[in-house]
Structures are given as structure tokens and as C-alpha cells.
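See structure below.
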Amino acid sequence: MAKELKELTNRDENYSQWYNDLVVKAGLAEYSAVRGCMVIKPYGYAIWENMHDALDKMFKDTGHENAYFPLFIPKSFFSREASHVEGFAKECAVVTHYRLMNDPDGKGVVVDPDAKLEEELIVRPTSETIIWNTYKGWIHSYRDLPILVNQWANVVRWEMRTRLFLRTAEFLWQEGHTAHETRQEAYDETVKMIGVYRDFAEKFMGVPVVIGRKTANERFAGAEETLTIEALMQDGKALQSGTSHFLGQNFARAFDVQFTNRSNELDYVWASSWGVSTRLIGALIMAHSDNNGLVLPPRLAPLHAVLIPIYKGEEERVAASARLQELAGELRARGLKVKIDDRDNVRSGFKFAEYELKGVPVRLALGPRDMAAGTIELARRDTLTKEIVPQEGLAERVAGLMDEIQNSIFERALAYRDEHITKVDSWDEFVRVLDEKGGFVSAHWDGTTETELAIKEATKATIRCIPLSGADVPAGLGEAAAEIPAGLGGEDEPGACVMTGKPSERRVLFARSY
């Protein structure tokens with residue numbers, strides 16, 4: 001393991017390679033035989049399960065239910081909402097045939113030319129179309145509303161340049177799809193769910209985020225408004241970590257989903273959709289980890305503590321293992337997930353390095369001197385500090401450390417994020433900060449897509465969001481946005497666009513991103 005750690009690329013020398021090394025060496029995932037797709041290994045999947053369980057509870061606590069819809073979507077469905085098909089057309093995997101046959105020339109199997117589908121099927125890149133076609137049969141009256149449905153699923157977006165967890169051709173996610181009686185109710189849902197994502201990112205992942213609106217150019221295909229949470233990684237690049245979309249009546253009109261309202265008139269249903277994916281595991285890694293390996297927040301870590309016996313000879317091994325079993329029982333009684341590693345085919349130093357690499361929050365080592373003194377060595381992964389503590393009261397001490405470590409990880413990420421938000425007012429300063437400092441650049445923009453694209457072309461920086469403050473109310477969408485916790489730089493502040501010099505009403509956040 002010492003050799004393995006030496007092969008972990010230094011984070012400061014090559015951040016991209018460090019990330020790839022860490023994902024593979026920590027046993028989170030690996031590339032598969034299918035180009036652009038990954039195998040999520042048990043340790044990585046355990047992190048996703050913890051994310052799933054926490055989010056699923058948050059969704060159900062806000063009134064949502066889980067359902068499941070088909071993986072395949074008829075091609076004609078995508079033609080019904082013009083901006084939606086335009087947004088996803090280049091990423092779609094298409095099923096054209098339904099049968100294979102033996103090659104007449106004896107060269108394995110080939111597609112049976114007589115098994116062509118009458119209509120091609122799209123492997124879902126997102127499920128708005130199939131779900132709204134389904135909702136047409138569910139919704140007839142205002143009494144059928146709202147529908148608050150979430151789906152846990154996999155999706156396919158045919159990416160050419162992939163990176164484990166961050167961008168793969170197939171990935172896991174959840175997608176919420178809700179139907180409402182009024183515009184205000186649908187927008188309130190959009191706001192509520194971006195708030196849920198923010199709470200999850202900050203309270204479970206330990207990752208501070210900025211909440212805001214996407215520009216028209218960056219908006220979800222088919223949405224009237226997209227709200228986003230944007231996180232900052234340790235290399236100064238931003239990562240979109242969750243989105244919630246106000247769909248208006250676009251999909252209801254596309255699929256003719258009407259209902260009889262309270263005035264006994266026909267109206268189209270109002271909608272929202274929202275989702276996060278296994279990309280969050282990438283965010284977790286890049287926001288916290290270091291040159292020794294993963295640093296995992298306790299609320300999402302597969303293990304809270306690992307217990308390792310230190311011994312010479314069978315008698316000491318048996319005694320240490322027996323005591324660790326007792327201590328593990330006390331820790332589990334506190335709701336902690338623990339493991340005793342008493343393997344006798346690797347050295348204790350190998351084990352220490354392995355669990356440091358895997359980011360286990362606490363390591364406990366028990367040797368002969370500790371047995372005699374009633375003590376144990378406790379090492380924290382977040383600070384890399386060690387101390388000798390009493391065995392008595394250990395469970396209470398370790399349980400208390402979980403919140404301390406969780407908060408420590410968040411505060412460290414928050415300090416980094418806040419140090420890397422820079423206000424600029426000139427083009428030269430804008431480019432210099434992007435090149436030399438990175439992070440979020442708070443700057444004025446004239447509001448046009450032409451300028452937005454020109455800035456991206458010149459610097460590779462995009463507008464991550466138009467930050468929302470507690471007082472910010474998007475035009476025509478009521479007061480629901482006032483419920484959003486204060487963002488950064490969301491207040492009106494007249495100025496001049498950094499590129500064109502044209503008038504600007506407020507600052508937006510730019511960054512280079514994943």
C-alpha cells in the first residue's frame with residue numbers, strides 16, 4: 001500500500017490525474033468494457049446508497065413518492081417539444097432493431113435486418129417525455145393534482161469525453177417530475193427542491209454551494225427557468241451539483257395534458273422537474289480529499305470507524321481482537337458503522353494506509369500497551385492527528401467526533417469557497433483572476449447570449465449562475481423565490497459588462513467548470 005500511495009499523483013501537480021488515481025485506487029469505480037461507461041465498485045456504491053437513502057427521506061418528507069417509468073422512449077415523443085429535442089438530440093442512444101442472428105458467414109452474430117423496429121426507441125437521456133405521456137392518462141381534474149413523483153433510475157447520454165463519476169455515457173440519478181394546478185404552485189415546487197438539494201449538499205456532503213438561476217443559454221432544454229446549486233472544487237473549477245426546473249406548461253401542451261379546473265374550464269397542467277446524479281460522488285471527492293486519499297464526511301461515509309489490533313503472536317492477537325469486538329459493539333449501539341480489521345496476512349501499517357486512502361473518518365488501534373493501560377489510539381482522517389484516549393467512554397467520544405468532523409470538513413470547504421469568490425470590474429482583471437486564482441469570478445454581464453458565448457470562447461469560463469438573494473424575485477414568477485436562503489452577490493448592483501462595457505443590472509458568477 002505504501003507503494004500504491006506513492007503512485008497517487010500529487011494533487012497540486014496534476015489535479016485531473018490525482019482525481020482519476022484516487023477513484024481507482026480507493027476502490028470507488030473503474031472503466032468498463034463498454035466505452036464511456038463505468039463499473040461502480042462496492043465501496044463507491046456504498047457512498048451512493050448513503051446519498052440515495054438521505055435524499056429519498058428528504059423527498060418523502062416533502063410529500064413525494066417513488067415510481068418507475070420505461071427505459072425506452074419512442075422517438076416521436078422527442079419531436080413534440082422542440083427545444084427539448086434540440087437540447088438532447090446529439091446525446092441520444094437509439095435502438096433500431098430487436099433481434100440478433102447468427103452470421104451466415106460464421107462470424108459470430110449480426111443484427112437481423114428483418115427485425116427493424118417500426119419506430120426507433122431512444123434510451124432515456126431524461127424522462128420528461130415518457131412521463132408526461134403517462135400523466136395524460138392520470139390527470140383529468142384539479143382533484144387529480146398535484147402529482148409529486150420521483151424516479152431512481154439510470155440514464156444514457158452519449159458522451160465522447162468521459163471521466164469517472166463526473167461524465168459517463170451511463171450514470172445513476174434521481175429525477176423528480178411533478179404536476180400542478182397553478183403556475184405559482186409549480187414554481188414553489190421548483191424553489192423547494194433546489195432548497196432540498198442545497199440542504200443535502202451542505203449538511204450531508206459538507207460542500208457549500210451557491211444557489212441561483214441559469215441563463216437562458218444554460219437553461220434545461222424545455223424549461224422556462226432553471227435553478228441550480230454550484231459548488232467549487234479544490235482546483236478552482238465549478239461543478240453543477242443539482243438543478244431544479246420550472247417547466248411551465250411546455251410539456252403539458254406538447255402531450256395535451258389538460259384538466260378541468262375549479263372554474264370548470266379546461267387548462268394545461270403546470271410542471272417542474274429536478275435531479276441529481278452520481279456526479280455528486282465526484283464532487284465529494286474533489287471538494288475534500290488530499291494527497292493521502294479520500295476525506296469523507298461521516299454522514300455519507302460507508303464506515304465511521306475501523307478498529308485494528310496491534311499484536312505479536314497469537315495470544316496478543318486473540319486478546320486484542322476480543323476487546324475490539326466489545327468496543328465495536330458499544331460503537332454500533334451508538335448507531336456507528338464500524339469494522340474490525342484483524343487480517344493476519346498484511347501488516348498494520350498497510351491497514352493504516354489503506355483506510356486513510358479510503359477516507360474512513362476515525363481509525364482506532366489497540367496494542368498490548370493499550371490493553372494493559374485501558375487506552376486506545378484514535379486517529380482522525382480529516383486532521384491526520386492521533387491521540388491516546390481511554391477505552392472507557394470511547395463510544396460516546398467517537399459518536400461526538402462524527403459531528404465535529406462533519407462540521408470541520410464543511411468549514412474548511414466553506415473557507416476555500418469564500419476565499420475564491422473574486423469581484424472584478426475590468427476585462428484584464430477578469431482574465432487574470434481566471435488564469436491565476438480560479439474560483440468564482442463575480443462580474444457584470446450585459447445580459448446577451450452573444451456576449452456570454454464570446455466570453456466562453458475567449459476564456460472557457462461560463463456563467464455558472466445568476467445568484468439569488470433572499471429578496472430576489474424572478475420576473476413574473478411571484479414571491480416564491482423569497483423563500484430561497486440568501487445566495488452570494490444576488491442583490492441589484494448597476495455596473496458595466498466586463499467585456500462590452502454595456503450597462504448591467506447585477507453581477508453574475510463566472511467560472512471554468514467540469
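Ordering of the C-alpha cells sets the chain letters (A, B, ...); residue numbers start at 1 within each chain; ligands are numbered from 1 in the order shown.
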
- Contacts of stretch 125-128 of chain A at 8 Å or less, counting only C-alpha atoms, minus same-chain residues fewer than 6 places along, as an MDAnalysis selection string? chainID A and resid 69 88 91:92 155:157 175 177 251 273

Now that the selection is made, can you save its residues with N, CA and C atoms as a tab-separated table (two decimals), in the first residue's frame?
chain	number	residue	atom	x	y	z
A	69	PHE	N	-40.53	4.42	-14.55
A	69	PHE	CA	-41.01	4.55	-15.92
A	69	PHE	C	-40.04	3.86	-16.88
A	88	PHE	N	-31.16	17.56	-26.53
A	88	PHE	CA	-30.67	16.22	-26.26
A	88	PHE	C	-30.34	15.40	-27.51
A	91	GLU	N	-26.99	13.62	-27.97
A	91	GLU	CA	-26.53	12.74	-26.89
A	91	GLU	C	-27.30	11.42	-26.83
A	92	CYS	N	-28.23	11.21	-27.74
A	92	CYS	CA	-29.15	10.07	-27.62
A	92	CYS	C	-28.57	8.78	-28.21
A	155	VAL	N	-29.62	6.65	-16.69
A	155	VAL	CA	-29.88	7.32	-17.95
A	155	VAL	C	-28.64	7.22	-18.83
A	156	VAL	N	-28.81	7.46	-20.12
A	156	VAL	CA	-27.71	7.38	-21.07
A	156	VAL	C	-27.63	8.69	-21.84
A	157	ARG	N	-26.46	9.31	-21.79
A	157	ARG	CA	-26.16	10.48	-22.61
A	157	ARG	C	-24.82	10.21	-23.25
A	175	GLU	N	-34.75	11.57	-10.66
A	175	GLU	CA	-35.41	12.67	-11.38
A	175	GLU	C	-36.82	12.81	-10.86
A	177	HIS	N	-40.54	14.54	-11.07
A	177	HIS	CA	-41.43	15.08	-12.10
A	177	HIS	C	-42.78	15.36	-11.46
A	251	PHE	N	-44.50	20.98	-21.41
A	251	PHE	CA	-44.68	19.55	-21.67
A	251	PHE	C	-46.15	19.15	-21.63
A	273	SER	N	-39.41	19.75	-12.84
A	273	SER	CA	-38.59	18.54	-12.78
A	273	SER	C	-37.28	18.91	-12.10

- Task: Find the spatial neighbours of stretch 239-246 of chain A, counting only C-alpha atoms, within a cut-off of 9 Å - ignore same-chain residues fewer than 2 positions away - and output them as a ChimeraX atom specification.
- Result: /A:176,186-187,189-194,197-198,201,209,219-220,223-233,237,248,270-277,279-280,283,464,512-514

- Using atom CA of A:Tyr45 and atom CA of A:Val23 as the two end points, give the distance in Å to one decimal. 12.1 Å

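Atom pair atom CA of A:Phe200 / atom CA of A:Leu55: separated by 7.1 Å.
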
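You can rank A:Leu468, A:Leu384, A:Val498, A:Ala413 by their closest distance to A:Ala443 using only C-alpha atoms, and at the top of that list sits A:Val498.
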
- Please provide as a list in words all residues within 12 Å of A:Ala54, with the sequence filter that same-chain residues fewer than 3 positions apart are discarded (counting only C-alpha atoms).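 Listed by chain and then number, they are Ile47, Trp48, Glu49, Asn50, Met51, Lys57, Met58, Phe59, Lys60, Asp61, Val196, Tyr197, Asp199, Phe200, Ala201, Lys203, Phe204, Met205, Arg299 and Leu300 of chain A.
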
- Proximity to A:Leu366 - best of A:Ile340, A:Leu401, A:Val346, A:Ala221, only C-alpha atoms: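 Closest residue, counting only C-alpha atoms: A:Ile340.
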
- Message: Taking only stretch 49-239 of chain A into account, list the residues labelled alpha helix (DSSP H) by DSSP (computed from the backbone), as a PyMOL selection string.
- Response: chain A and resi 49-61+75-78+82-88+128-138+183-203

- Task: Mind listing the strand (DSSP E) residues of stretch 7-164 of chain A, per DSSP on the backbone, as a VMD selection string?
- Result: chain A and resid 29 to 31 38 to 40 65 to 66 72 to 74 93 to 97 100 to 102 109 to 111 116 to 123 147 to 156

- Counting only C-alpha atoms, what is within 9 Å of A:Arg363, bar same-chain residues fewer than 6 positions away, as a ChimeraX atom specification? /A:304-308,352,355-356,377-381
